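Worksheet for the structure shown next.
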Amino acid sequence: MVTRRNFIINTSLAATAVLALPSFAFAMNKKEIGLQLYTLRDELPKDVKSTLEKVAKAGYTTVETYGFSIKDQFWGLAPIELKKILDANKLKAVSGHYNLGSFLYDGNLEEVKAAIEAAKILKNEYLTVPWVDEPFRNDFHKIAARLNEAAKMCADAGLKLAYHNHDFEFKTHDGVTGYEILLKETDKNLVSFELDLYWVVRSGNDPLKLFKENPGRFTLWHVKDMDKVNPALNTEIGSGSIDFKPFFAAAKQSGMIHFFVEQENNYVPNSFESIKTSCEFISKKII
């Protein structure tokens with residue numbers, strides 16, 4: 001017989017059990033695993049349709065685009081054409097890498113406006129800045145100011161802006177790293193960060209420390225593994241030297257909403273099999 005007292009005790013125990021679950025449990029219901037399409041940069045320009053079909057069959061439900069240009073759009077496809085192919089394969093492009101180089105350095109708005117227009121057509125949630133060219137890495141204060149400006153434009157268009165790191169941001173300039181400047185001087189309400197876990201680890205830093213010091217800032221992740229023999233190379237998730245489980249356990253603290261598998265080289269036996277291997281490992285072993 002279920003008494004009121006037993007009901008309260010059992011309910012409390014159940015609530016405690018839920019709270020004790022890893023903090024990435026919030027993502028388990030949707031089973032969302034994303035892919036940064038740069039992983040397939042050799043295949044996509046040849047045949048976008050069949051490549052995205054294989055992405056979906058490998059188990060991915062979201063993607064992050066790359067390679068947009070005002071002249072060539074997406075590998076010769078207009079955003080509306082790419083959106084139709086994504087929809088046909090039930091893939092959502094929740095983020096896109098858009099190079100805003102001329103804006104970050106010169107304030108040229110043409111790239112920002114074109115990127116926002118493409119992102120809106122694709123129904124991106126995030127417009128992500130992927131790269132800073134080497135000649136312009138000596139003034140992260142200026143980059144932070146530009147990011148704030150672009151973020152306001154994105155917000156007005158119903159988008160969010162994110163910044164993706166490599167390792168150069170963690171180099172020290174006058175006692176402070178470029179990444180620290182970006183985190184401190186960008187508007188927390190407007191600028192998010194896409195944390196590339198591989199580059200953080202390779203630069204000698206700890207993602208968990210970043211999560212603790214900057215809770216909620218890292219709404220996007222790149223999940224990219226490091227080859228055990230040669231750290232300069234990538235490998236399939238689960239085959240390398242990075243243990244991703246502690247990071248996913250702290251996903252809530254980091255603010256992570258979406259993550260994307262990325263592998264830039266060292267595919268075994270080929271890129272399509274690599275993305276399948278990574279997806280299966282994450283699905284079975286991590287989330």
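Within each chain, counting starts at residue 1; across the structure tokens, chains are named A, B, ... in the order shown, with ligands numbered 1 upward in that order.
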
> So which residues of segment 33-128 of chain A fall under helix (DSSP H, G or I) by DSSP, listed as a PyMOL selection string?
Replying inline: chain A and resi 37-40+48-57+79-88+101-106+109-122

> Can you list, as an MDAnalysis selection string, every residue of segment 100-226 of chain A that DSSP puts in strand (DSSP E or B)?
Replying inline: chainID A and resid 126:129 160:164 172:173 176:177 191:196 220:223 225:226

Export C-alpha atoms of the chosen residues as an mmCIF file, in the first residue's frame?
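selection.cif was written with the following content:
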```cif
data_model
loop_
_atom_site.group_PDB
_atom_site.id
_atom_site.type_symbol
_atom_site.label_atom_id
_atom_site.label_comp_id
_atom_site.auth_asym_id
_atom_site.auth_seq_id
_atom_site.Cartn_x
_atom_site.Cartn_y
_atom_site.Cartn_z
ATOM 1 C CA TYR A 126 24.507 30.917 -34.236
ATOM 2 C CA LEU A 127 26.716 32.872 -36.583
ATOM 3 C CA THR A 128 30.184 31.737 -35.537
ATOM 4 C CA VAL A 129 33.452 33.543 -36.232
ATOM 5 C CA LYS A 160 23.462 34.799 -31.764
ATOM 6 C CA LEU A 161 27.150 35.365 -32.342
ATOM 7 C CA ALA A 162 29.885 32.974 -31.203
ATOM 8 C CA TYR A 163 33.670 32.939 -31.428
ATOM 9 C CA HIS A 164 35.613 29.756 -32.181
ATOM 10 C CA THR A 172 50.328 35.515 -23.464
ATOM 11 C CA HIS A 173 50.650 39.186 -24.369
ATOM 12 C CA VAL A 176 47.313 38.198 -20.349
ATOM 13 C CA THR A 177 46.126 35.846 -23.066
ATOM 14 C CA VAL A 191 28.765 37.016 -27.426
ATOM 15 C CA SER A 192 29.057 33.270 -26.873
ATOM 16 C CA PHE A 193 32.084 31.059 -27.360
ATOM 17 C CA GLU A 194 32.488 27.863 -29.309
ATOM 18 C CA LEU A 195 35.142 25.991 -27.361
ATOM 19 C CA ASP A 196 37.304 23.695 -29.448
ATOM 20 C CA LEU A 220 28.954 25.550 -28.484
ATOM 21 C CA TRP A 221 31.722 22.947 -28.490
ATOM 22 C CA HIS A 222 33.949 21.262 -31.034
ATOM 23 C CA VAL A 223 34.598 17.680 -30.007
ATOM 24 C CA ASP A 225 40.200 13.992 -30.510
ATOM 25 C CA MET A 226 43.995 14.030 -30.421
#
```

>> Using only C-alpha atoms, which protein or nucleic acid residues come within 12 Å of Asp106 of chain A? Drop anything in the same chain fewer than 4 positions from it, and give the result as a PyMOL selection string.
In response: chain A and resi 100-102+110-112+136+142-143+146

>> Residues within 9 Å of Ser254 of chain A, please, as number ranges by chain. Count only C-alpha atoms; anything in the same chain fewer than 2 positions from it doesn't count.
In response: A: 207-208, 210-212, 214-219, 247, 250-252, 256

Expected file contents, prior selection, N, CA and C atoms, as a JSON list (two decimals), in the first residue's frame:
```
[["chain", "number", "residue", "atom", "x", "y", "z"],
["A", 207, "PRO", "N", 39.83, 22.68, -20.10],
["A", 207, "PRO", "CA", 38.45, 23.14, -20.32],
["A", 207, "PRO", "C", 37.64, 23.26, -19.03],
["A", 208, "LEU", "N", 37.86, 22.35, -18.09],
["A", 208, "LEU", "CA", 37.10, 22.39, -16.84],
["A", 208, "LEU", "C", 37.38, 23.67, -16.06],
["A", 210, "LEU", "N", 38.22, 26.53, -17.45],
["A", 210, "LEU", "CA", 37.53, 27.58, -18.19],
["A", 210, "LEU", "C", 36.04, 27.58, -17.85],
["A", 211, "PHE", "N", 35.43, 26.39, -17.74],
["A", 211, "PHE", "CA", 34.02, 26.29, -17.39],
["A", 211, "PHE", "C", 33.77, 26.93, -16.03],
["A", 212, "LYS", "N", 34.63, 26.60, -15.07],
["A", 212, "LYS", "CA", 34.46, 27.08, -13.71],
["A", 212, "LYS", "C", 34.61, 28.59, -13.62],
["A", 214, "ASN", "N", 34.29, 30.76, -16.15],
["A", 214, "ASN", "CA", 33.41, 31.50, -17.07],
["A", 214, "ASN", "C", 32.12, 30.71, -17.32],
["A", 215, "PRO", "N", 31.36, 30.44, -16.27],
["A", 215, "PRO", "CA", 30.17, 29.60, -16.42],
["A", 215, "PRO", "C", 29.17, 30.18, -17.41],
["A", 216, "GLY", "N", 28.67, 29.30, -18.26],
["A", 216, "GLY", "CA", 27.63, 29.70, -19.20],
["A", 216, "GLY", "C", 28.09, 30.33, -20.49],
["A", 217, "ARG", "N", 29.39, 30.56, -20.65],
["A", 217, "ARG", "CA", 29.87, 31.28, -21.84],
["A", 217, "ARG", "C", 30.05, 30.37, -23.05],
["A", 218, "PHE", "N", 30.21, 29.06, -22.82],
["A", 218, "PHE", "CA", 30.61, 28.15, -23.91],
["A", 218, "PHE", "C", 29.40, 27.36, -24.41],
["A", 219, "THR", "N", 28.57, 28.03, -25.17],
["A", 219, "THR", "CA", 27.31, 27.41, -25.60],
["A", 219, "THR", "C", 27.50, 26.40, -26.73],
["A", 247, "PHE", "N", 34.33, 16.45, -19.43],
["A", 247, "PHE", "CA", 33.84, 17.68, -20.02],
["A", 247, "PHE", "C", 32.32, 17.63, -20.18],
["A", 250, "ALA", "N", 30.40, 18.21, -17.13],
["A", 250, "ALA", "CA", 30.34, 19.62, -16.72],
["A", 250, "ALA", "C", 29.66, 20.48, -17.79],
["A", 251, "ALA", "N", 28.91, 19.85, -18.68],
["A", 251, "ALA", "CA", 28.31, 20.57, -19.81],
["A", 251, "ALA", "C", 27.36, 21.66, -19.34],
["A", 252, "LYS", "N", 26.61, 21.39, -18.29],
["A", 252, "LYS", "CA", 25.65, 22.39, -17.81],
["A", 252, "LYS", "C", 26.37, 23.63, -17.31],
["A", 256, "MET", "N", 26.87, 24.62, -22.45],
["A", 256, "MET", "CA", 26.79, 23.98, -23.77],
["A", 256, "MET", "C", 25.35, 23.66, -24.19]]
```

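Using only C-alpha atoms, the smallest distance between any of A:Lys57, A:Lys171, A:Lys224, A:His141 and Thr186 of chain A comes from A:His141.
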
> Between A:Glu236, A:Asp72, A:Glu64, A:Glu149, which has the minimum distance to Asn108 of chain A (counting only C-alpha atoms)?
Replying inline: A:Glu149

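Proximity to Ser283 of chain A at 10 Å, evaluated using only C-alpha atoms and with sequence-adjacent residues fewer than 5 positions away removed, yields Met28, Lys31, Glu32, Ile33, Gly59 and Ser278 of chain A.
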
> Hey, which of A:Asn234, A:Phe272, A:Asn124, A:Ile282 ends up closest to Ser50 of chain A? Count only C-alpha atoms.
Replying inline: A:Phe272

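Minimum distance to Ile116 of chain A across A:Asn270, A:Thr39, A:Ser69, A:Asn189 (counting only C-alpha atoms) occurs at A:Ser69.
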
> When you draw a straight line from atom CA of Ala115 of chain A to atom CA of Ala78 of chain A, how long is it in Å?
Replying inline: 12.2 Å

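The spacing separating atom CA of Pro135 of chain A from atom CA of Leu182 of chain A amounts to 17.3 Å.
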
> Any idea what's packed within 12 Å of Lys120 of chain A, counting only C-alpha atoms, ignoring anything in its chain fewer than 4 positions away? Could you give it as a VMD selection string?
Replying inline: chain A and resid 79 to 80 83 93 to 96 113 to 116 124 to 127 154 to 160

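Between atom CA of Ala249 of chain A and atom CA of Gly34 of chain A the separation is 17.9 Å.
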
> Taking into account only C-alpha atoms, which residue in the set A:Met153, A:Ala58, A:Ile237, A:Ile275 is nearest to Glu117 of chain A?
Replying inline: A:Met153

> Contacts of Lys285 of chain A at 9 Å or less, counting only C-alpha atoms, minus same-chain residues fewer than 3 places along, as a list in words?
Replying inline: Gly238, Lys245, Glu280, Phe281 and Ile282 of chain A

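With distances restricted to only C-alpha atoms, A:Lys209 is the closest residue to Gln253 of chain A from A:Lys209, A:Glu81, A:Ala145, A:Ile121.
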